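What follows is the content of data38.txt, which has compact mmCIF, C-alpha atoms:
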```txt
# COMPACT_ATOMS: atom_id res chain seq x y z
CA GLY A 294 84.01 92.84 116.01
CA ARG A 295 87.04 92.25 113.83
CA SER A 296 88.54 94.80 111.52
CA GLY A 297 86.62 95.38 108.32
CA VAL A 298 83.11 94.43 109.48
CA GLY A 299 81.75 98.00 109.23
CA LYS A 300 81.68 99.03 112.91
CA THR A 301 82.75 102.63 112.33
CA GLU A 302 80.63 103.07 109.20
CA ILE A 303 77.50 101.78 110.92
CA VAL A 304 77.88 104.09 113.94
CA LYS A 305 78.53 107.13 111.74
CA SER A 306 75.58 106.34 109.46
CA ILE A 307 73.14 105.90 112.34
CA LEU A 308 74.19 109.10 114.14
CA ASP A 309 74.13 111.13 110.92
CA SER A 310 70.77 109.76 109.78
CA GLN A 311 69.18 110.44 113.19
CA LYS A 312 70.82 113.91 113.29
CA GLN A 313 72.19 113.35 116.78
CA LEU A 314 74.81 115.59 118.36
CA HIS A 315 78.01 113.59 118.36
CA THR A 316 81.79 113.80 118.36
CA PHE A 317 84.06 111.22 116.80
CA ILE A 318 87.56 110.57 118.19
CA ASN A 319 90.12 108.31 116.54
CA CYS A 320 92.26 107.12 119.45
CA ILE A 321 95.23 106.35 117.18
CA GLU A 322 95.39 109.91 115.90
CA CYS A 323 94.84 111.30 119.41
CA TYR A 324 97.78 109.56 121.03
CA ASN A 325 97.56 111.16 124.50
CA SER A 326 94.82 112.34 126.85
CA ARG A 327 95.30 116.05 126.16
CA LEU A 328 94.82 115.55 122.42
CA ILE A 329 91.61 113.64 123.17
CA TYR A 330 90.26 116.48 125.33
CA GLU A 331 91.11 119.21 122.84
CA THR A 332 89.79 117.24 119.85
CA LEU A 333 86.52 116.76 121.73
CA LEU A 334 86.27 120.49 122.41
CA LEU A 335 87.15 121.38 118.83
CA GLN A 336 84.37 119.16 117.50
CA LEU A 337 81.93 120.57 120.03
CA GLN A 338 82.76 124.05 118.82
CA SER A 339 82.05 122.93 115.25
CA LEU A 340 78.57 121.97 116.53
CA ASN A 341 78.03 125.63 117.50
CA LEU A 342 78.63 124.94 121.17
CA ASN A 343 80.56 127.62 123.01
CA VAL A 344 83.53 125.88 124.66
CA PRO A 345 87.22 126.81 125.09
CA LEU A 346 89.76 124.92 123.04
CA ILE A 347 92.53 124.51 125.61
CA CYS A 348 92.24 121.66 128.12
CA ASP A 349 95.06 119.93 129.97
CA SER A 350 93.19 117.85 132.57
CA PHE A 351 90.06 115.78 132.94
CA GLN A 352 88.75 118.05 135.73
CA THR A 353 88.88 121.00 133.33
CA LEU A 354 87.01 118.98 130.71
CA ILE A 355 84.26 118.20 133.23
CA SER A 356 83.86 121.87 134.08
CA TYR A 357 83.48 122.70 130.37
CA PHE A 358 80.83 120.02 129.93
CA GLU A 359 78.91 121.21 132.99
CA ASN A 360 78.56 124.64 131.37
CA LEU A 361 77.19 123.28 128.10
CA LEU A 362 73.69 124.54 127.32
CA ILE A 363 72.23 121.44 125.70
CA GLN A 364 69.04 119.52 126.38
CA GLU A 365 69.43 116.67 123.90
CA PRO A 366 71.85 113.77 124.42
CA LEU A 367 75.45 114.09 123.29
CA PHE A 368 77.16 111.01 121.83
CA LEU A 369 80.92 110.69 122.32
CA VAL A 370 82.31 108.03 119.96
CA PHE A 371 85.81 106.62 120.46
CA ASP A 372 87.17 104.55 117.57
CA LYS A 373 90.10 102.17 118.19
CA ALA A 374 89.05 102.43 121.82
CA GLU A 375 91.57 99.83 123.01
CA ARG A 376 94.13 102.65 123.01
CA LEU A 377 92.24 104.35 125.84
CA ARG A 378 93.52 101.69 128.22
CA GLU A 379 96.98 103.30 127.97
CA TYR A 380 95.81 106.76 129.10
CA GLU A 381 94.18 105.81 132.43
CA ILE A 382 91.10 107.92 131.68
CA LEU A 383 88.70 105.16 130.68
CA PRO A 384 86.86 104.81 134.05
CA SER A 385 86.32 108.59 134.22
CA LEU A 386 85.10 108.79 130.61
CA LEU A 387 82.56 106.03 131.20
CA ARG A 388 81.17 108.00 134.19
CA LEU A 389 81.12 111.30 132.33
CA SER A 390 77.33 111.49 132.39
CA GLU A 391 77.26 111.11 136.19
CA LEU A 392 80.08 113.60 136.73
CA THR A 393 78.56 116.33 134.54
CA ASN A 394 74.83 115.75 135.10
CA LYS A 395 74.36 115.79 131.33
CA ARG A 396 72.91 113.18 129.00
CA MET A 397 76.12 111.79 127.51
CA ILE A 398 76.36 108.44 125.77
CA ILE A 399 79.82 106.91 125.36
CA ILE A 400 80.33 104.55 122.40
CA LEU A 401 83.53 102.51 122.26
CA ILE A 402 84.45 100.91 118.92
CA SER A 403 87.09 98.19 119.17
CA SER A 404 88.22 94.89 117.73
CA LEU A 405 88.71 93.60 121.29
CA SER A 406 86.04 92.08 123.50
CA TRP A 407 84.98 93.78 126.73
CA ASP A 408 86.98 91.23 128.72
CA LYS A 409 90.13 93.07 127.61
CA PHE A 410 88.73 96.35 129.02
CA ARG A 411 87.23 95.10 132.29
CA ASP A 412 90.38 95.56 134.38
CA TYR A 413 90.61 99.22 133.32
CA CYS A 414 86.99 100.29 133.86
CA GLY A 415 86.27 99.97 137.56
CA GLY A 416 83.46 97.43 137.30
CA ILE A 417 81.29 99.23 134.73
CA GLU A 418 79.43 96.84 132.43
CA PRO A 419 78.28 98.32 129.11
CA ILE A 420 75.78 97.15 126.51
CA GLU A 421 77.79 95.05 124.05
CA LEU A 422 77.05 94.71 120.34
CA TYR A 423 79.10 92.20 118.37
CA LEU A 424 79.35 92.42 114.58
CA CYS A 425 80.25 89.14 112.91
CA GLU A 426 82.36 88.85 109.78
CA TYR A 427 80.76 89.14 106.37
CA GLU A 428 80.03 86.00 104.41
CA ARG A 429 81.63 85.37 101.02
CA ASP A 430 78.73 86.53 98.85
CA ILE A 431 78.23 89.71 100.88
CA ILE A 432 81.93 90.65 100.62
CA ILE A 433 81.88 90.16 96.85
CA GLU A 434 78.68 92.20 96.54
CA ILE A 435 80.09 95.09 98.62
CA ILE A 436 83.31 95.21 96.60
CA CYS A 437 81.37 95.20 93.33
CA GLN A 438 79.18 98.07 94.50
CA LYS A 439 82.07 100.19 95.76
CA ASP A 440 84.91 99.44 93.34
CA CYS A 441 83.46 98.42 89.98
CA PRO A 442 84.54 100.99 87.33
CA LYS A 443 81.68 103.00 85.85
CA ASN A 444 82.13 101.75 82.29
CA GLU A 445 82.87 98.14 83.22
CA ASN A 446 80.52 95.19 82.85
CA LEU A 447 79.37 94.27 86.37
CA ALA A 448 79.30 90.51 85.67
CA PHE A 449 82.88 90.63 84.33
CA PHE A 450 84.11 92.56 87.38
CA LYS A 451 82.19 90.27 89.74
CA HIS A 452 83.84 87.20 88.20
CA PHE A 453 87.27 88.76 88.80
CA THR A 454 86.35 89.73 92.39
CA THR A 455 85.16 86.18 93.07
CA PHE A 456 88.46 84.81 91.74
CA ILE A 457 90.44 87.19 94.00
CA TYR A 458 88.38 86.31 97.07
CA ASP A 459 88.71 82.57 96.50
CA SER A 460 92.48 82.97 96.00
CA PHE A 461 93.04 85.07 99.14
CA SER A 462 90.44 83.63 101.50
CA ILE A 463 93.00 81.23 102.99
CA ALA A 464 95.31 84.15 103.87
CA THR A 465 92.61 86.66 104.88
CA LYS A 466 88.87 87.29 104.67
CA ASN A 467 89.20 90.92 105.72
CA ILE A 468 87.17 92.99 103.29
CA ASN A 469 89.61 95.91 103.43
CA GLU A 470 92.52 93.70 102.38
CA ILE A 471 90.48 92.02 99.64
CA ARG A 472 89.42 95.43 98.29
CA HIS A 473 93.03 96.60 98.32
CA VAL A 474 94.10 93.55 96.32
CA VAL A 475 91.25 94.03 93.81
CA GLN A 476 92.24 97.67 93.26
CA ILE A 477 95.87 96.67 92.63
CA ALA A 478 95.28 93.58 90.49
CA TYR A 479 92.37 94.65 88.29
CA PRO A 480 94.40 97.00 86.00
CA ILE A 481 96.91 94.17 85.49
CA TYR A 482 94.06 91.71 84.86
CA ILE A 483 92.56 93.77 82.01
CA GLN A 484 95.89 94.83 80.47
CA PRO A 485 95.97 91.92 77.95
CA ILE A 486 92.47 92.98 76.82
CA LEU A 487 93.58 96.58 76.31
CA ASN A 488 96.60 95.31 74.34
CA ASN A 489 94.34 93.13 72.15
CA GLN A 490 96.23 90.01 73.26
CA ILE A 491 93.28 88.21 74.84
CA ASN A 492 89.56 88.47 74.20
CA LYS A 493 87.40 89.65 77.09
CA ASN A 494 85.38 86.43 77.00
CA GLU A 495 88.48 84.24 77.49
CA ILE A 496 88.31 84.31 81.28
CA GLN A 497 90.56 81.30 81.86
CA LYS A 498 93.35 82.82 79.77
CA LEU A 499 93.11 86.07 81.71
CA ILE A 500 93.28 84.20 85.02
CA TYR A 501 96.25 82.14 83.82
CA LYS A 502 98.02 85.33 82.77
CA ILE A 503 97.62 87.06 86.14
CA GLN A 504 98.26 83.97 88.30
CA PRO A 505 102.00 84.69 88.94
CA THR A 506 101.12 88.19 90.18
CA ILE A 507 98.45 86.77 92.48
CA ASP A 508 100.88 84.20 93.88
CA THR A 509 103.33 87.00 94.75
CA MET A 510 100.63 89.14 96.33
CA ILE A 511 99.30 86.31 98.50
CA ASP A 512 102.68 86.10 100.26
CA GLN A 513 102.64 89.86 100.92
CA VAL A 514 98.92 90.48 101.36
CA PHE A 515 99.31 92.69 104.45
CA LEU A 516 102.19 94.80 103.10
CA ARG A 517 100.21 97.87 102.11
CA GLU A 518 103.27 99.70 100.77
CA LYS A 519 103.11 97.41 97.71
CA THR A 520 100.87 99.76 95.74
CA SER A 521 99.60 99.20 92.23
CA LYS A 522 102.27 101.40 90.67
CA LYS A 523 105.13 99.70 92.51
CA LEU A 524 103.79 96.24 91.74
CA THR A 525 103.47 96.81 88.01
CA ASN A 526 106.82 98.59 87.89
CA ASN A 527 108.51 95.66 89.64
CA ILE A 528 107.03 93.17 87.19
CA ARG A 529 107.84 95.19 84.09
CA ALA A 530 111.32 96.17 85.29
CA ASN A 531 112.53 92.60 85.78
CA MET A 532 114.13 92.47 82.36
CA ASN A 533 115.92 95.80 82.78
CA VAL A 534 117.20 94.84 86.23
CA GLU A 535 118.51 91.52 84.93
CA LEU A 536 120.75 93.24 82.38
CA GLN A 537 122.50 95.20 85.13
CA LEU A 538 123.23 92.24 87.40
CA PRO A 539 126.72 90.78 87.89
CA MET A 540 127.58 87.40 86.41
CA TYR A 541 127.03 85.40 89.61
CA SER A 542 123.58 86.93 90.09
CA LYS A 543 122.54 86.12 86.52
CA PHE A 544 123.48 82.46 86.87
CA LEU A 545 121.91 82.30 90.34
CA LEU A 546 118.67 83.57 88.80
CA ILE A 547 118.89 80.94 86.08
CA ALA A 548 119.49 78.26 88.71
CA SER A 549 116.60 79.53 90.85
CA PHE A 550 114.28 79.56 87.83
CA LEU A 551 115.19 75.97 87.02
CA ALA A 552 114.67 74.98 90.65
CA SER A 553 111.28 76.73 90.75
CA HIS A 554 109.98 75.21 87.52
CA ASN A 555 111.33 71.65 87.64
CA PRO A 556 110.46 68.97 90.20
CA PRO A 557 113.37 67.93 92.47
CA GLN A 558 113.22 64.29 91.34
CA LEU A 559 114.39 65.35 87.85
CA ASP A 560 117.50 67.19 89.07
CA VAL A 561 119.69 64.11 88.58
CA ASN A 562 118.48 63.70 85.01
CA PHE A 563 118.95 67.35 84.13
CA PHE A 564 122.09 68.37 85.97
CA SER A 565 124.26 65.37 86.86
CA LYS A 566 127.34 64.50 84.81
CA GLN A 567 126.08 60.94 84.35
CA ALA A 568 123.09 62.23 82.39
CA SER A 569 125.07 63.19 79.26
CA LYS A 570 123.64 60.29 77.26
CA LYS A 571 120.14 61.54 77.95
CA LYS A 572 120.97 65.15 77.16
CA ARG A 573 118.68 65.53 74.16
CA LYS A 574 115.74 63.85 75.84
CA CYS A 575 116.18 65.80 79.07
CA LYS A 576 116.53 69.07 77.19
CA SER A 577 113.19 68.57 75.44
CA LEU A 578 111.61 67.40 78.71
CA ALA A 579 112.90 70.51 80.52
CA LYS A 580 111.55 72.78 77.83
CA ARG A 581 108.15 71.09 77.96
CA ASP A 582 108.06 71.32 81.76
CA ILE A 583 108.87 75.04 81.67
CA GLU A 584 106.19 75.69 79.06
CA ASN A 585 103.60 73.77 81.08
CA ASN A 586 104.55 75.11 84.50
CA GLY A 587 106.24 78.39 83.72
CA GLN A 588 103.57 80.34 85.55
CA ARG A 589 103.54 78.20 88.72
CA ALA A 590 106.81 78.67 90.56
CA ARG A 591 107.68 76.18 93.31
CA LYS A 592 109.67 76.83 96.47
CA PHE A 593 113.12 75.25 96.77
CA THR A 594 115.82 74.88 99.41
CA LEU A 595 119.12 76.73 99.45
CA GLU A 596 121.00 73.46 99.09
CA ARG A 597 119.13 72.62 95.89
CA LEU A 598 119.81 76.08 94.48
CA LEU A 599 123.54 75.75 95.15
CA ALA A 600 123.63 72.27 93.62
CA ILE A 601 122.05 73.49 90.37
CA PHE A 602 124.28 76.57 90.40
CA ASN A 603 127.40 74.40 90.75
CA SER A 604 126.21 72.22 87.87
CA ILE A 605 125.81 75.31 85.67
CA GLY A 606 129.22 76.54 86.80
CA SER A 607 130.85 73.30 85.70
CA VAL A 608 129.39 73.75 82.21
CA PHE A 609 130.41 77.39 81.79
CA GLU A 610 133.68 76.88 83.69
CA PHE A 611 133.47 79.67 86.24
CA ASP A 612 134.48 79.46 89.91
CA THR A 613 131.64 78.38 92.19
CA SER A 614 133.74 77.89 95.31
CA THR A 615 133.43 81.46 96.65
CA GLU A 616 130.48 80.77 98.95
CA LEU A 617 130.55 84.17 100.67
CA GLN A 618 130.15 85.96 97.33
CA ILE A 619 127.30 83.63 96.37
CA PHE A 620 125.44 84.20 99.64
CA LEU A 621 125.82 87.97 99.26
CA GLN A 622 124.40 87.77 95.74
CA ILE A 623 121.43 85.69 96.94
CA SER A 624 120.72 88.28 99.63
CA SER A 625 120.83 91.04 97.03
CA LEU A 626 118.40 89.16 94.76
CA VAL A 627 115.96 88.83 97.66
CA LYS A 628 116.16 92.58 98.34
CA LEU A 629 115.49 93.27 94.66
CA ASN A 630 112.39 91.04 94.90
CA LEU A 631 113.76 88.79 92.16
CA LEU A 632 113.78 85.97 94.72
CA SER A 633 111.31 85.46 97.56
CA LYS A 634 112.59 84.05 100.84
CA TYR A 635 110.52 81.83 103.14
CA THR A 636 111.32 80.45 106.58
CA SER A 637 109.47 77.46 108.01
CA LYS A 638 110.08 75.25 111.02
CA PHE A 639 110.80 71.56 110.59
CA GLU A 640 110.74 69.96 114.05
CA THR A 641 113.31 72.12 115.90
CA LEU A 642 115.17 73.39 112.83
CA GLU A 643 114.39 76.38 110.65
CA VAL A 644 114.27 75.56 106.94
CA ILE A 645 114.93 78.43 104.53
CA LYS A 646 113.35 78.21 101.10
CA TYR A 647 113.29 80.50 98.08
CA ARG A 648 111.18 81.03 94.99
CA CYS A 649 112.04 82.72 91.70
CA ASN A 650 109.86 85.72 90.84
CA MET A 651 111.03 86.11 87.22
CA ASP A 652 109.18 84.83 84.21
CA TYR A 653 110.42 82.71 81.31
CA GLU A 654 110.92 85.64 78.92
CA SER A 655 113.03 87.60 81.43
CA ILE A 656 115.26 84.58 82.10
CA LEU A 657 115.84 84.15 78.35
```
Could I get this file's structure written as structure tokens?
Amino acid sequence: GRSGVGKTEIVKSILDSQKQLHTFINCIECYNSRLIYETLLLQLQSLNLNVPLICDSFQTLISYFENLLIQEPLFLVFDKAERLREYEILPSLLRLSELTNKRMIIILISSLSWDKFRDYCGGIEPIELYLCEYERDIIIEIICQKDCPKNENLAFFKHFTTFIYDSFSIATKNINEIRHVVQIAYPIYIQPILNNQINKNEIQKLIYKIQPTIDTMIDQVFLREKTSKKLTNNIRANMNVELQLPMYSKFLLIASFLASHNPPQLDVNFFSKQASKKKRKCKSLAKRDIENNGQRARKFTLERLLAIFNSIGSVFEFDTSTELQIFLQISSLVKLNLLSKYTSKFETLEVIKYRCNMDYESIL
């Protein structure tokens, strides 16, 4: 089954509840055959079985198993078992019971189907058990049981979890990723309540407040290094970072914010020289558009960003012809996470787009 469907947890729970002798090997942590052998022996010793701890070959491992004084079956569980294909020991492991004349049951846990193992196993056909993905309601229920804070209202937390799942289900339905997002976003979600800015019953206001953060996290849902602390620090530090930026970067951020929060069809009205007669009307329209859409940033092309930047440059009378300097500043803004960069294919060409990650108050 796929990642996050509870394969490992189910196997551990069954073996523990039935009090069966078993060892558990993570094939990512044991990255070569010798580590697998010695980890097996170490776990057997923890089960009060008298075995040496040094083993450098499969033949030595077999001799150790033959000398085991056990009558009950021994379960050998290999998690992330697809890694075993790299060590060329899989056929021998699957025949371990025959080679040692002991009752040994091999359990392989993997996200791959047996078809991916068949070429490495010498014709052995195991009993397969497939675990399907959890449905929406089950995922929400599991997250609420495991992650709901002790003093929190369960219905309130469940509503937030449902909102997160519905927002991220297009990107992923993996329960581990959804749980990770919930753990990061929930402190940010309740922060306005703690600051007495929004009442706990005003769910729509809370969702509207956290929507920009959710939009950013959707684009980076699998980047686990974006922890809760780093995320909140990035959001809160935007204003401080902006004050330390060079002039070109500041105006590029202003241009990117305008591009993100105004539809392209209004660019001529807002930024062309011929629009001077409509200046007052356009100014009020721009302000209204920002207030209405300030939390929903759009993606824009590099060409549109440069066009708005040049229009701003003509007003403030600074040189916008140094393209190399401008491109370097854009690259720096992307690295600072003030701009997000996206690449998509249009027919045979790659189209690069950006989106501004700063809010209205930071831009001001």
Do a neighbour search on region 410-412 of chain A at 10 Å with only C-alpha atoms, toss out local chain neighbours closer than 3 positions, and write the hits as a PyMOL selection string. chain A and resi 374-375+377-378+383-384+405-407+415-418
So which residues are close to (77.5, 124.3, 124.1), meaning at most 7 Å away in the file's coordinates with only C-alpha atoms counted, and can you show them as a list of chain:residue names?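 Those residues, ordered by chain and then number, are A:Asn341, A:Leu342, A:Asn343, A:Val344, A:Leu361, A:Leu362, A:Ile363.
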Atomic separation - CA of Ile503 (chain A) relative to CA of Ile481 (chain A), Å: 7.2 Å
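Nearest to Ser460 (chain A) of all the residues A:Ile619, A:Ile486, A:Ile355, A:Ile500 is A:Ile500, counting only C-alpha atoms.
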One-decimal distance in Å that lies between CA of Leu545 (chain A) and CA of Ile605 (chain A):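 It comes out at 9.3 Å.
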For the point (120.1, 80.3, 91.8) in file coordinates, what residues are within 12 Å, counting only C-alpha atoms? Give the answer as JSON, numbers by chain? {"A": [540, 541, 542, 543, 544, 545, 546, 547, 548, 549, 550, 551, 552, 553, 592, 593, 594, 595, 596, 597, 598, 599, 600, 601, 602, 603, 604, 605, 606, 613, 619, 620, 622, 623, 624, 625, 626, 627, 631, 632, 633, 646, 647, 648, 649, 650, 651, 656]}
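Going from CA of Cys320 (chain A) over to CA of Arg376 (chain A), you cover 6.0 Å.
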Identify, on the basis of all atoms listed in the file, every residue whose closest approach to Arg295 (chain A) does not exceed 10 Å; exclude the query and any residue fewer than 6 positions from it along the same chain; express the result as a ChimeraX atom specification. /A:403-406,423-426,467
Residue with the minimum atom-to-atom distance to Ile382 (chain A), picked from A:Ser326, A:Asn319, A:Gln364, A:Thr353 with only C-alpha atoms counted, is A:Ser326
Nearest to Lys300 (chain A) by atom-to-atom distance, counting all atoms listed in the file, from A:Ile347, A:Leu401, A:Ile511, A:Leu369: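 That would be A:Leu401, the residue with the smallest distance to Lys300 (chain A).
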Rank nothing, just name the residue among A:Tyr324, A:Tyr357, A:Tyr330, A:Phe368 nearest to Leu308 (chain A), using all atoms listed in the file. A:Phe368
Could you tell me which of A:Val561, A:Leu354, A:Val475, A:Ile496 comes closest to Arg327 (chain A) if we count all atoms listed in the file?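 Ranked by minimum distance to Arg327 (chain A), first place goes to A:Leu354.
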Could you check which of A:Ala448, A:Gln338, A:Tyr380, A:Ile307 is closest to Ser350 (chain A), using only C-alpha atoms?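 Smallest separation from Ser350 (chain A) among the options: A:Tyr380.
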For Pro366 (chain A), find every residue with an atom within 10 Å (counting all atoms listed in the file), except residues of its own chain fewer than 6 positions away, and show them as a list in words.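 Once the nearby chain positions are removed, what remains is Gln313, Leu314, His315, Ser390, Lys395, Arg396, Met397 and Ile398 of chain A.
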Can you spit out region 346-355 of chain A with all heavy atoms, as a tab-separated table (two decimals), in the first residue's frame, from the structure just given?
```tsv
chain	number	residue	atom	x	y	z
A	346	LEU	N	26.99	-11.08	18.17
A	346	LEU	CA	26.57	-9.81	17.57
A	346	LEU	C	27.35	-9.46	16.31
A	346	LEU	O	27.03	-8.47	15.66
A	346	LEU	CB	26.73	-8.67	18.59
A	346	LEU	CG	25.81	-8.74	19.81
A	346	LEU	CD1	26.06	-7.57	20.73
A	346	LEU	CD2	24.34	-8.78	19.38
A	347	ILE	N	28.35	-10.22	15.97
A	347	ILE	CA	29.17	-9.93	14.79
A	347	ILE	C	28.82	-10.93	13.70
A	347	ILE	O	28.85	-12.15	13.91
A	347	ILE	CB	30.67	-9.99	15.11
A	347	ILE	CG1	31.02	-8.95	16.18
A	347	ILE	CG2	31.50	-9.76	13.85
A	347	ILE	CD1	32.46	-8.99	16.62
A	348	CYS	N	28.45	-10.39	12.52
A	348	CYS	CA	28.08	-11.25	11.39
A	348	CYS	C	28.41	-10.51	10.10
A	348	CYS	O	27.92	-9.40	9.87
A	348	CYS	CB	26.60	-11.60	11.46
A	348	CYS	SG	26.04	-12.65	10.12
A	349	ASP	N	29.22	-11.13	9.25
A	349	ASP	CA	29.62	-10.46	8.01
A	349	ASP	C	29.20	-11.20	6.75
A	349	ASP	O	29.55	-10.81	5.65
A	349	ASP	CB	31.13	-10.24	7.99
A	349	ASP	CG	31.91	-11.53	8.20
A	349	ASP	OD1	31.27	-12.60	8.25
A	349	ASP	OD2	33.15	-11.46	8.30
A	350	SER	N	28.40	-12.29	6.91
A	350	SER	CA	27.95	-13.03	5.73
A	350	SER	C	26.63	-13.72	6.03
A	350	SER	O	26.29	-13.97	7.19
A	350	SER	CB	28.99	-14.06	5.29
A	350	SER	OG	29.09	-15.10	6.25
A	351	PHE	N	25.92	-14.05	4.99
A	351	PHE	CA	24.63	-14.70	5.17
A	351	PHE	C	24.80	-16.13	5.68
A	351	PHE	O	23.96	-16.63	6.44
A	351	PHE	CB	23.87	-14.70	3.84
A	351	PHE	CG	22.45	-15.13	3.97
A	351	PHE	CD1	21.49	-14.27	4.48
A	351	PHE	CD2	22.05	-16.41	3.60
A	351	PHE	CE1	20.18	-14.67	4.62
A	351	PHE	CE2	20.73	-16.81	3.73
A	351	PHE	CZ	19.79	-15.94	4.25
A	352	GLN	N	25.88	-16.81	5.28
A	352	GLN	CA	26.14	-18.17	5.77
A	352	GLN	C	26.34	-18.18	7.28
A	352	GLN	O	25.87	-19.08	7.99
A	352	GLN	CB	27.38	-18.75	5.07
A	352	GLN	CG	27.20	-19.09	3.61
A	352	GLN	CD	27.15	-17.85	2.72
A	352	GLN	OE1	27.57	-16.77	3.13
A	352	GLN	NE2	26.66	-18.03	1.50
A	353	THR	N	27.03	-17.14	7.80
A	353	THR	CA	27.22	-17.04	9.25
A	353	THR	C	25.89	-16.82	9.95
A	353	THR	O	25.62	-17.39	11.01
A	353	THR	CB	28.18	-15.88	9.56
A	353	THR	OG1	29.38	-16.04	8.82
A	353	THR	CG2	28.50	-15.83	11.05
A	354	LEU	N	25.03	-15.98	9.34
A	354	LEU	CA	23.72	-15.73	9.92
A	354	LEU	C	22.90	-17.01	10.00
A	354	LEU	O	22.23	-17.28	11.02
A	354	LEU	CB	22.98	-14.68	9.08
A	354	LEU	CG	21.60	-14.25	9.59
A	354	LEU	CD1	21.73	-13.45	10.89
A	354	LEU	CD2	20.86	-13.45	8.53
A	355	ILE	N	22.96	-17.84	8.97
A	355	ILE	CA	22.22	-19.11	8.97
A	355	ILE	C	22.71	-20.01	10.10
A	355	ILE	O	21.91	-20.64	10.81
A	355	ILE	CB	22.38	-19.81	7.61
A	355	ILE	CG1	21.63	-19.01	6.53
A	355	ILE	CG2	21.85	-21.23	7.67
A	355	ILE	CD1	21.79	-19.58	5.14
```
